[in-house]
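**Q** So that we are looking at the same thing, I have put the structure below in structure tokens.
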Amino acid sequence: MDNRTWWERRQKVVANGIASSFPVFINQAEGSWVTDVEGHRYLDFIGGIGVQSLGHNRVEVVQAIQEAAATLIHTSFHTVMYPRYVTVAERLVEITPGAMDKRVLFVNSGAEAIENAFKIARQFTGRPGIVSFTNGFHGRTFGALTATDKTDPYKIGFGPLLPDVYRLPSPHCYRCSLKSAPANCHQQYLERVDTALVDTIGVDRVAAFVIEPVQGEGGFIPMPKEFLNGLRRICDHYGILLIDDEIQAGLGRTGKLWAIEHAEVVPDLLVSAKALGGGLPLSAVVGRADIMDTIAKGSIGSTYGGNPVALAAAEVVLDLLVRDDVLNKAIEIGKVMREKAIVWQHKFPHIGDVRGLGAMVALEFVRPGSDVPDKEVCRAVIQAAFRQGLLLTKAGLEDNVIRLLPPLTITPDDLGDGLERLGLALEEVLSPQSVKA
Ligand SMILES: Cc1ncc(COP(=O)(O)O)c(C=O)c1O
């Protein structure tokens with residue numbers, strides 16, 4: 001059956017609120033490539049939204065899933081336990097920042113893990129408040145959604161959202177709301193945070209700050225190291241917990257295992273998901289033992305959380321991150337993508353900013369000669385890239401950013417091929433002949 005027929009069938013049964021970027025249906029994937037039902041191949045620089053860091057259908061991951069499924073699919077760890085929950089928890093304790101004792105909770109999705117981090121922070125501190133930051137994204141469930149900055153389309157019509165969730169400004173060099181110089185902007189932002197806590201929110205109402213060290217959906221905006229260190233100091237001073245959302249930036253994407261390691265900050269709770277399960281639904285909250293041990297027995301969890309098959313995949317993902325030297329590869333592919341993006345930025349005045357960290361590289365589109373976001377041009381480039389056989393996804397509060405999320409293990413040839421296709425797409429949309437006056 002062809003893509004069009006599938007599309008017609010989809011329209012009749014799939015919830016209208018589900019958006020899909022491209023009118024194709026994939027039935028096979030391998031490495032950096034996916035193939036649709038008509039046999040067209042696409043280079044995939046989306047990777048299931050930052051999930052397939054080791055490429056699609058990595059043979060070791062597939063084997064681990066097959067073996068695990070043949071042995072044990074599900075019992076629910078809340079009733080009858082199995083060893084893998086413990087062994088993968090041991091490994092996460094080992095590889096997450098901080099030498100202190102830690103405890104791990106497994107759930108299924110990024111948002112679900114964020115919800116649990118908020119619940120843990122509230123129960124531990126006895127305080128209700130969660131502070132998130134501008135351009136942050138933490139998921140679509142109520143708590144995570146309230147902490148998310150973007151309103152349209154995520155929040156419209158879904159209120160009332162959670163009370164006691166506050167959003168404070170965080171640094172964004174290209175769009176600095178305080179108009180401060182990059183060298184000392186963190187001080188001004190930290191003063192804002194401190195003032196808001198003391199004068200407006202009340203420090204004894206705040207359980208936790210939730211941050212993304214590199215904001216993903218927000219458009220690959222790295223938080224300056226000094227800002228993260230300052231937040232850590234503020235948290236320590238007022239007894240507030242620091243929740244590190246590593247769902248998109250973690251597990252090697254920035255060239256360090258955890259993005260917060262660039263700042264050498266140790267969070268109280270770290271949240272991981274996406275790449276962790278190698279494509280199966282798995283997320284984790286890894287927290288300081290003295291916090292996690294106070295949480296009432298039975299008050300957190302989920303039927304499927306830490307499913308044995310997903311944990312088997314995670315075990316292999318953690319092995320391969322080391323065996324494939326993924327951190328160095330992320331730095332290398334990041335350099336290649338950034339260099340190319342900067343060349344394009346010089347060529348096309350529609351590219352206002354190129355930014356990111358490690359392999360997180362993004363291009364922000366604006367009206368030439370201004371910083372006015374240009375969502376239409378961004379969309380046109382993504383569609384032109386699609387016609388060139390390259391899958392790309394957008395980001396940013398204004399949907400005017402393209403973020404590159406190839407596998408971290410992509411071959412140099414595939415990376416070069418993908419960038420060439422993106423170059424052609426940019427040329428098609430942005431070259432003087434094609435840009436409308
Ligand atoms: C930083 C961050 N936090 C949370 C989430 C939510 O994860 P999920 O879609 O698995 O619920 C995402 C998803 O894109 C994310 O990028």
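Just so we're on the same page: first chain in the structure tokens is A, next is B, and so on; residues restart at 1 for each chain, and ligands are numbered from 1 in the order they show up.
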I need the residues of segment 143-352 of chain A that end up classed as strand (DSSP E or B) by DSSP on the backbone, written out as a PyMOL selection string.

**A** chain A and resi 165-168+206-211+214-215+221-222+241-245+269-272+278+280+283-288+351-352

**Q** Give me the residues near Ala19 of chain A as a list of chain:residue names, where near means some atom within 12 Å (using only C-alpha atoms) and where sequence neighbours in that chain fewer than 5 positions away do not count.

**A**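 Neighbouring residues, sequence-local ones excluded: A:Arg10, A:Gln11, A:Val14, A:Pro153, A:Tyr154.
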
**Q** So how far away is atom CA of Leu327 of chain A from atom CA of Glu212 of chain A, in Å?

**A**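 Between atom CA of Glu212 of chain A and atom CA of Leu327 of chain A the gap is 18.7 Å.
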
**Q** As a VMD selection string, please: every residue in segment 179-401 of chain A that DSSP puts in alpha helix (DSSP H).

**A** chain A and resid 185 to 195 225 to 238 289 to 292 308 to 323 326 to 347 375 to 387

**Q** Excluding same-chain residues fewer than 6 positions from Leu430 of chain A, what lies within 9 Å of it counting only C-alpha atoms, as number ranges by chain?

**A** A: 348-350, 377, 381

**Q** For Pro83 of chain A, work out the shell of residues within 12 Å, counting only C-alpha atoms and skipping chain neighbours fewer than 5 positions away, then give it as a list in words.

**A**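 Close residues of Pro83 of chain A: Leu72, Thr75, Phe77, Val88, Ala89, Glu90, Gly306, Asn307, Pro308, Leu311 and Ala312 of chain A.
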
**Q** Counting only C-alpha atoms and all ligand atoms, which of A:Gln433, A:Thr409, A:Thr141, A:Ser109 gets nearest to ligand 1?

**A**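 Under the stated criterion, the closest residue is A:Ser109.
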
**Q** Please provide the set of residues having any atom within 10 Å of Ser299 of chain A, restricted to only C-alpha atoms, with same-chain residues fewer than 5 positions apart removed, written as a ChimeraX atom specification.

**A** /A:116,119-120,123

**Q** When you count only C-alpha atoms and all ligand atoms, which of these residues is closest to ligand 1: A:Ala249, A:Val193, A:Ala314, A:Leu92?

**A** A:Ala249

**Q** Skip Ile351 of chain A itself and residues of its chain fewer than 6 positions away, then list as a PyMOL selection string all residues within 6 Å of it, counting only C-alpha atoms.

**A** chain A and resi 345+364-365

**Q** Can those selected residues be exported to a file as a tab-separated table (two decimals), in the first residue's frame so that it contains C-alpha atoms?

**A**
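Below is the file that was written, part.tsv:
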```tsv
chain	number	residue	atom	x	y	z
A	345	GLN	CA	25.17	31.57	7.92
A	364	GLU	CA	17.83	29.82	13.66
A	365	PHE	CA	15.95	31.48	10.79
```

**Q** From the list A:Glu398, A:Gly39, A:Asp417, A:Pro171, which residue is nearest Thr151 of chain A when using only C-alpha atoms?

**A** A:Glu398

**Q** Under the rule that only C-alpha atoms are counted, which of A:Thr79, A:Gln383, A:Ser180, A:Ser170 is the nearest residue to Phe22 of chain A?

**A**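 For Phe22 of chain A, the nearest of the candidates is A:Gln383.
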